[in-house]
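Shown here: run-v2.pdb, PDB, C-alpha atoms.
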ATOM      1  CA  MET A  82     133.424-179.767  22.994
ATOM      2  CA  SER A  83     130.683-180.395  20.434
ATOM      3  CA  ASN A  84     128.365-181.410  23.279
ATOM      4  CA  VAL A  85     128.406-177.885  24.797
ATOM      5  CA  TYR A  86     126.273-175.052  23.436
ATOM      6  CA  GLN A  87     128.219-171.802  23.884
ATOM      7  CA  ILE A  88     126.648-168.351  24.119
ATOM      8  CA  LEU A  89     128.493-165.026  24.285
ATOM      9  CA  VAL A  90     126.956-162.198  26.340
ATOM     10  CA  GLU A  91     128.414-158.732  26.663
ATOM     11  CA  ASN A  92     126.120-157.098  29.204
ATOM     12  CA  CYS A  93     123.879-157.950  32.139
ATOM     13  CA  GLU A  94     120.680-157.596  30.116
ATOM     14  CA  GLU A  95     121.843-160.319  27.734
ATOM     15  CA  LEU A  96     122.969-162.402  30.714
ATOM     16  CA  ALA A  97     119.558-162.086  32.384
ATOM     17  CA  ALA A  98     117.835-163.271  29.203
ATOM     18  CA  GLU A  99     120.137-166.291  28.872
ATOM     19  CA  ILE A 100     119.774-167.178  32.560
ATOM     20  CA  GLU A 101     115.997-167.136  32.120
ATOM     21  CA  THR A 102     116.238-169.327  29.010
ATOM     22  CA  HIS A 103     118.589-171.910  30.531
ATOM     23  CA  LYS A 104     117.705-171.809  34.250
ATOM     24  CA  ASP A 105     116.103-175.262  34.192
ATOM     25  CA  ASN A 106     119.168-176.944  32.675
ATOM     26  CA  PRO A 107     121.242-178.322  35.585
ATOM     27  CA  ASN A 108     124.288-178.193  33.311
ATOM     28  CA  THR A 109     124.297-174.476  32.577
ATOM     29  CA  PHE A 110     127.623-172.862  33.353
ATOM     30  CA  LEU A 111     128.649-169.208  33.415
ATOM     31  CA  CYS A 112     132.213-168.217  32.587
ATOM     32  CA  PHE A 113     133.241-164.659  33.466
ATOM     33  CA  THR A 114     136.235-163.286  31.623
ATOM     34  CA  SER A 115     137.810-160.076  30.380
ATOM     35  CA  ALA A 116     137.202-158.276  27.122
ATOM     36  CA  LEU A 117     139.896-158.331  24.476
ATOM     37  CA  GLY A 118     141.891-155.182  23.910
ATOM     38  CA  PRO A 119     142.683-153.518  20.572
ATOM     39  CA  ASN A 120     145.512-156.009  19.992
ATOM     40  CA  CYS A 121     143.034-158.917  20.452
ATOM     41  CA  GLU A 122     144.655-159.936  23.723
ATOM     42  CA  SER A 123     143.095-160.086  27.154
ATOM     43  CA  TRP A 124     144.140-157.475  29.692
ATOM     44  CA  CYS A 125     143.681-160.146  32.390
ATOM     45  CA  ASP A 126     146.666-162.498  32.671
ATOM     46  CA  ASP A 127     144.686-164.950  34.825
ATOM     47  CA  CYS A 128     141.991-165.119  32.127
ATOM     48  CA  THR A 129     144.616-165.833  29.466
ATOM     49  CA  GLU A 130     146.134-168.569  31.614
ATOM     50  CA  ALA A 131     142.761-170.155  32.447
ATOM     51  CA  GLU A 132     141.268-170.115  28.937
ATOM     52  CA  PRO A 133     142.913-173.301  27.565
ATOM     53  CA  ILE A 134     142.191-175.164  30.809
ATOM     54  CA  ILE A 135     138.522-174.171  30.697
ATOM     55  CA  GLU A 136     138.284-175.062  26.987
ATOM     56  CA  LYS A 137     139.778-178.487  27.695
ATOM     57  CA  GLY A 138     137.554-178.930  30.745
ATOM     58  CA  LEU A 139     134.462-178.358  28.619
ATOM     59  CA  GLU A 140     135.174-181.726  27.028
ATOM     60  CA  GLN A 141     134.104-183.231  30.376
ATOM     61  CA  ALA A 142     130.700-181.513  30.326
ATOM     62  CA  PRO A 143     127.650-183.709  29.783
ATOM     63  CA  GLU A 144     125.649-183.746  26.572
ATOM     64  CA  GLY A 145     123.305-180.769  26.453
ATOM     65  CA  ALA A 146     125.463-178.548  28.644
ATOM     66  CA  VAL A 147     125.371-174.787  28.086
ATOM     67  CA  LEU A 148     128.254-172.368  28.633
ATOM     68  CA  ILE A 149     127.340-168.693  28.841
ATOM     69  CA  LEU A 150     130.526-166.714  28.295
ATOM     70  CA  CYS A 151     130.172-163.368  30.072
ATOM     71  CA  VAL A 152     132.557-160.625  28.999
ATOM     72  CA  VAL A 153     132.863-158.270  31.971
ATOM     73  CA  GLY A 154     134.418-155.415  30.018
ATOM     74  CA  ASP A 155     137.731-153.682  29.741
ATOM     75  CA  GLU A 156     140.049-153.286  32.702
ATOM     76  CA  GLU A 157     138.749-149.857  33.675
ATOM     77  CA  SER A 158     135.093-150.911  33.687
ATOM     78  CA  TRP A 159     135.891-154.140  35.574
ATOM     79  CA  LYS A 160     137.765-152.263  38.306
ATOM     80  CA  ASP A 161     134.789-149.966  38.844
ATOM     81  CA  PRO A 162     133.076-151.096  42.082
ATOM     82  CA  ASN A 163     129.749-150.465  40.343
ATOM     83  CA  ASN A 164     130.470-152.872  37.496
ATOM     84  CA  PRO A 165     127.065-154.504  36.830
ATOM     85  CA  TYR A 166     128.420-158.059  37.155
ATOM     86  CA  LYS A 167     129.689-157.280  40.663
ATOM     87  CA  ASN A 168     126.209-156.127  41.675
ATOM     88  CA  HIS A 169     124.100-158.588  39.663
ATOM     89  CA  PRO A 170     121.454-160.166  41.950
ATOM     90  CA  ILE A 171     122.337-163.712  40.907
ATOM     91  CA  VAL A 172     126.044-163.763  40.102
ATOM     92  CA  LYS A 173     127.798-161.052  42.192
ATOM     93  CA  ILE A 174     131.179-161.907  40.669
ATOM     94  CA  ARG A 175     134.181-160.307  42.395
ATOM     95  CA  GLU A 176     137.092-161.898  40.516
ATOM     96  CA  ILE A 177     137.872-163.061  37.017
ATOM     97  CA  PRO A 178     138.147-165.555  35.602
ATOM     98  CA  SER A 179     135.310-167.275  37.416
ATOM     99  CA  LEU A 180     133.148-170.265  36.585
ATOM    100  CA  MET A 181     129.689-170.763  38.047
ATOM    101  CA  ARG A 182     127.224-173.649  37.795
ATOM    102  CA  LEU A 183     123.902-171.836  37.557
ATOM    103  CA  SER A 184     121.785-174.515  39.256
ATOM    104  CA  THR A 185     123.837-174.624  42.471
ATOM    105  CA  LYS A 186     125.731-171.308  42.326
ATOM    106  CA  ALA A 187     128.920-173.357  42.857
ATOM    107  CA  LEU A 188     131.859-171.129  41.970
ATOM    108  CA  LEU A 189     135.476-171.509  40.928
ATOM    109  CA  GLY A 190     137.658-168.424  41.267
ATOM    110  CA  PRO A 191     140.793-167.372  39.395
ATOM    111  CA  GLU A 192     143.205-169.811  41.020
ATOM    112  CA  GLU A 193     140.874-172.822  40.576
ATOM    113  CA  CYS A 194     140.132-171.858  36.962
ATOM    114  CA  LYS A 195     143.831-172.330  36.190
ATOM    115  CA  LYS A 196     143.877-175.923  37.481
ATOM    116  CA  SER A 197     142.522-178.788  35.404
ATOM    117  CA  GLU A 198     142.078-180.841  38.591
ATOM    118  CA  CYS A 199     139.469-178.257  39.656
ATOM    119  CA  VAL A 200     137.916-177.391  36.286
ATOM    120  CA  ASP A 201     137.412-180.906  34.891
ATOM    121  CA  PRO A 202     135.313-182.224  37.810
ATOM    122  CA  PHE A 203     133.434-178.938  37.979
ATOM    123  CA  PHE A 204     132.087-179.526  34.478
ATOM    124  CA  GLN A 205     131.394-183.196  35.178
ATOM    125  CA  GLY A 206     129.027-182.351  37.986
TER     126      GLY A 206
END
For the structure just supplied, provide its representation as structure tokens.
Amino acid sequence: MSNVYQILVENCEELAAEIETHKDNPNTFLCFTSALGPNCESWCDDCTEAEPIIEKGLEQAPEGAVLILCVVGDEESWKDPNNPYKNHPIVKIREIPSLMRLSTKALLGPEECKKSECVDPFFQG
């Protein structure tokens, strides 16, 4: 995973800045996941299940790849239909976890994010 530069964003303003910075890199990926609760565990079971598969899949990413990890908030804020990630002009994410390749807007949803046979080739291109 040393070949992937990882960035954590916690709001849409930070996401917009990182998208602008990395928009010309064809290997920029966005990963949308839940915030951790007070016990340092995710409230999203799918996110917990997908995390090790996504981490392992990152090993397939080409040199110079960028992963922007987008924390969508706690469960209450995510379930709000006005959550900013759901209405973001570029991403419009409806489910988590989700992976997106910025250059093509290709998207993997929660079920695909839990399958290495989907995640690994997604990072390869």
- Could you expand the PyMOL selection byres ((chain A and resi 182-196) around 10) into the explicit residues it covers here, written as a PyMOL selection string? chain A and resi 100+103-114+127-135+138+147-149+171-172+174-181+197-201+203-204+206
Could the residues in this selection be written to a file with C-alpha atoms, as a short mmCIF file (atom, residue, chain, number, x, y, z; two decimals), in the frame of the given file?
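New file again.cif:
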data_model
loop_
_atom_site.label_atom_id
_atom_site.label_comp_id
_atom_site.auth_asym_id
_atom_site.auth_seq_id
_atom_site.Cartn_x
_atom_site.Cartn_y
_atom_site.Cartn_z
CA ILE A 100 119.77 -167.18 32.56
CA HIS A 103 118.59 -171.91 30.53
CA LYS A 104 117.70 -171.81 34.25
CA ASP A 105 116.10 -175.26 34.19
CA ASN A 106 119.17 -176.94 32.67
CA PRO A 107 121.24 -178.32 35.58
CA ASN A 108 124.29 -178.19 33.31
CA THR A 109 124.30 -174.48 32.58
CA PHE A 110 127.62 -172.86 33.35
CA LEU A 111 128.65 -169.21 33.42
CA CYS A 112 132.21 -168.22 32.59
CA PHE A 113 133.24 -164.66 33.47
CA THR A 114 136.24 -163.29 31.62
CA ASP A 127 144.69 -164.95 34.83
CA CYS A 128 141.99 -165.12 32.13
CA THR A 129 144.62 -165.83 29.47
CA GLU A 130 146.13 -168.57 31.61
CA ALA A 131 142.76 -170.16 32.45
CA GLU A 132 141.27 -170.12 28.94
CA PRO A 133 142.91 -173.30 27.56
CA ILE A 134 142.19 -175.16 30.81
CA ILE A 135 138.52 -174.17 30.70
CA GLY A 138 137.55 -178.93 30.74
CA VAL A 147 125.37 -174.79 28.09
CA LEU A 148 128.25 -172.37 28.63
CA ILE A 149 127.34 -168.69 28.84
CA ILE A 171 122.34 -163.71 40.91
CA VAL A 172 126.04 -163.76 40.10
CA ILE A 174 131.18 -161.91 40.67
CA ARG A 175 134.18 -160.31 42.40
CA GLU A 176 137.09 -161.90 40.52
CA ILE A 177 137.87 -163.06 37.02
CA PRO A 178 138.15 -165.56 35.60
CA SER A 179 135.31 -167.28 37.42
CA LEU A 180 133.15 -170.26 36.58
CA MET A 181 129.69 -170.76 38.05
CA SER A 197 142.52 -178.79 35.40
CA GLU A 198 142.08 -180.84 38.59
CA CYS A 199 139.47 -178.26 39.66
CA VAL A 200 137.92 -177.39 36.29
CA ASP A 201 137.41 -180.91 34.89
CA PHE A 203 133.43 -178.94 37.98
CA PHE A 204 132.09 -179.53 34.48
CA GLY A 206 129.03 -182.35 37.99
#
- Item | Nearest to A:Lys167 by atom-to-atom distance, counting all atoms listed in the file, from A:Ala142, A:Gly154, A:Tyr86, A:Glu101 | A:Gly154
Using the file's own x, y and z axes, so that the box edges lie along x, y and z, what centre and edge lengths in Å (one decimal) does a box around every listed atom of stretch 185-192 of chain A get when 3 Å is added on each side? Give it as lines of an AutoDock Vina configuration file.
center_x = 133.5
center_y = -171.0
center_z = 41.1
size_x = 25.4
size_y = 13.3
size_z = 9.5
- Message: Here is a test: counting only C-alpha atoms, which residue of A:Gln87, A:Val152, A:Glu136, A:His169 is nearest to A:Ser123?
- Response: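 Closest residue, counting only C-alpha atoms: A:Val152.
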Starting from the displayed file, determine the output of the PyMOL selection byres ((chain A and resi 90) around 8) and express the residue list as a short mmCIF file (atom, residue, chain, number, x, y, z; two decimals) with C-alpha atoms, keeping the file's coordinate frame.
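The resulting file, expr_22.cif, is shown below:
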data_model
loop_
_atom_site.label_atom_id
_atom_site.label_comp_id
_atom_site.auth_asym_id
_atom_site.auth_seq_id
_atom_site.Cartn_x
_atom_site.Cartn_y
_atom_site.Cartn_z
CA ILE A 88 126.65 -168.35 24.12
CA LEU A 89 128.49 -165.03 24.28
CA GLU A 91 128.41 -158.73 26.66
CA ASN A 92 126.12 -157.10 29.20
CA CYS A 93 123.88 -157.95 32.14
CA GLU A 95 121.84 -160.32 27.73
CA LEU A 96 122.97 -162.40 30.71
CA ILE A 149 127.34 -168.69 28.84
CA LEU A 150 130.53 -166.71 28.30
CA CYS A 151 130.17 -163.37 30.07
CA VAL A 152 132.56 -160.62 29.00
#
From the block I gave, I'd like stretch 152-183 of chain A written with N, CA and C atoms, as a CSV table (one decimal), in the first residue's frame.
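As a result, decode.csv now contains:
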chain,number,residue,atom,x,y,z
A,152,VAL,N,-15.3,10.7,5.1
A,152,VAL,CA,-16.1,10.2,6.2
A,152,VAL,C,-17.5,11.0,6.1
A,153,VAL,N,-18.5,10.2,5.9
A,153,VAL,CA,-19.8,10.8,5.6
A,153,VAL,C,-20.6,11.3,6.9
A,154,GLY,N,-20.1,10.9,8.1
A,154,GLY,CA,-20.7,11.4,9.3
A,154,GLY,C,-21.2,10.2,10.1
A,155,ASP,N,-21.9,10.6,11.2
A,155,ASP,CA,-22.5,9.6,12.0
A,155,ASP,C,-23.8,9.1,11.4
A,156,GLU,N,-24.4,8.1,12.0
A,156,GLU,CA,-25.6,7.5,11.4
A,156,GLU,C,-26.7,8.5,11.2
A,157,GLU,N,-27.0,9.3,12.1
A,157,GLU,CA,-28.1,10.3,12.0
A,157,GLU,C,-27.8,11.2,10.8
A,158,SER,N,-26.6,11.8,10.7
A,158,SER,CA,-26.4,12.7,9.7
A,158,SER,C,-26.4,12.0,8.3
A,159,TRP,N,-25.9,10.8,8.2
A,159,TRP,CA,-25.9,10.1,7.0
A,159,TRP,C,-27.3,9.8,6.5
A,160,LYS,N,-28.2,9.5,7.4
A,160,LYS,CA,-29.6,9.1,7.1
A,160,LYS,C,-30.4,10.4,6.7
A,161,ASP,N,-29.9,11.5,6.9
A,161,ASP,CA,-30.6,12.8,6.5
A,161,ASP,C,-30.5,12.9,5.0
A,162,PRO,N,-31.7,13.0,4.4
A,162,PRO,CA,-31.7,13.1,2.9
A,162,PRO,C,-30.9,14.3,2.4
A,163,ASN,N,-30.7,15.3,3.2
A,163,ASN,CA,-29.9,16.5,2.8
A,163,ASN,C,-28.4,16.4,3.2
A,164,ASN,N,-28.0,15.2,3.5
A,164,ASN,CA,-26.5,15.0,3.8
A,164,ASN,C,-25.8,15.5,2.6
A,165,PRO,N,-24.8,16.3,2.8
A,165,PRO,CA,-24.0,17.0,1.7
A,165,PRO,C,-23.4,16.0,0.7
A,166,TYR,N,-23.0,14.9,1.1
A,166,TYR,CA,-22.4,13.9,0.1
A,166,TYR,C,-23.5,13.4,-0.8
A,167,LYS,N,-24.7,13.3,-0.4
A,167,LYS,CA,-25.8,12.8,-1.2
A,167,LYS,C,-26.2,13.8,-2.3
A,168,ASN,N,-25.9,15.1,-2.0
A,168,ASN,CA,-26.3,16.1,-2.9
A,168,ASN,C,-25.1,16.8,-3.6
A,169,HIS,N,-23.9,16.3,-3.4
A,169,HIS,CA,-22.7,16.8,-3.9
A,169,HIS,C,-22.8,16.8,-5.5
A,170,PRO,N,-22.4,17.8,-6.2
A,170,PRO,CA,-22.6,17.9,-7.6
A,170,PRO,C,-21.7,16.8,-8.4
A,171,ILE,N,-20.7,16.4,-7.8
A,171,ILE,CA,-19.8,15.4,-8.5
A,171,ILE,C,-20.1,13.9,-8.0
A,172,VAL,N,-20.2,13.7,-6.7
A,172,VAL,CA,-20.3,12.4,-6.2
A,172,VAL,C,-21.7,11.8,-6.0
A,173,LYS,N,-22.6,12.5,-5.4
A,173,LYS,CA,-24.0,12.1,-5.3
A,173,LYS,C,-24.1,10.7,-4.7
A,174,ILE,N,-23.4,10.4,-3.7
A,174,ILE,CA,-23.3,9.0,-3.1
A,174,ILE,C,-24.7,8.8,-2.4
A,175,ARG,N,-25.2,7.6,-2.6
A,175,ARG,CA,-26.5,7.2,-1.9
A,175,ARG,C,-26.3,6.1,-0.9
A,176,GLU,N,-25.2,5.3,-1.0
A,176,GLU,CA,-24.9,4.2,-0.1
A,176,GLU,C,-23.5,4.2,0.3
A,177,ILE,N,-23.3,3.6,1.5
A,177,ILE,CA,-21.9,3.4,2.0
A,177,ILE,C,-21.8,1.9,2.4
A,178,PRO,N,-20.6,1.4,2.3
A,178,PRO,CA,-19.4,2.0,1.7
A,178,PRO,C,-19.6,2.1,0.1
A,179,SER,N,-18.9,3.0,-0.4
A,179,SER,CA,-18.8,3.2,-1.9
A,179,SER,C,-17.4,3.6,-2.3
A,180,LEU,N,-17.0,3.1,-3.4
A,180,LEU,CA,-15.7,3.5,-4.0
A,180,LEU,C,-16.0,4.1,-5.4
A,181,MET,N,-15.3,5.2,-5.7
A,181,MET,CA,-15.5,5.9,-7.0
A,181,MET,C,-14.1,6.1,-7.6
A,182,ARG,N,-13.9,5.9,-8.8
A,182,ARG,CA,-12.7,6.4,-9.6
A,182,ARG,C,-13.1,7.7,-10.1
A,183,LEU,N,-12.4,8.8,-9.7
A,183,LEU,CA,-12.8,10.1,-10.0
A,183,LEU,C,-12.8,10.4,-11.5
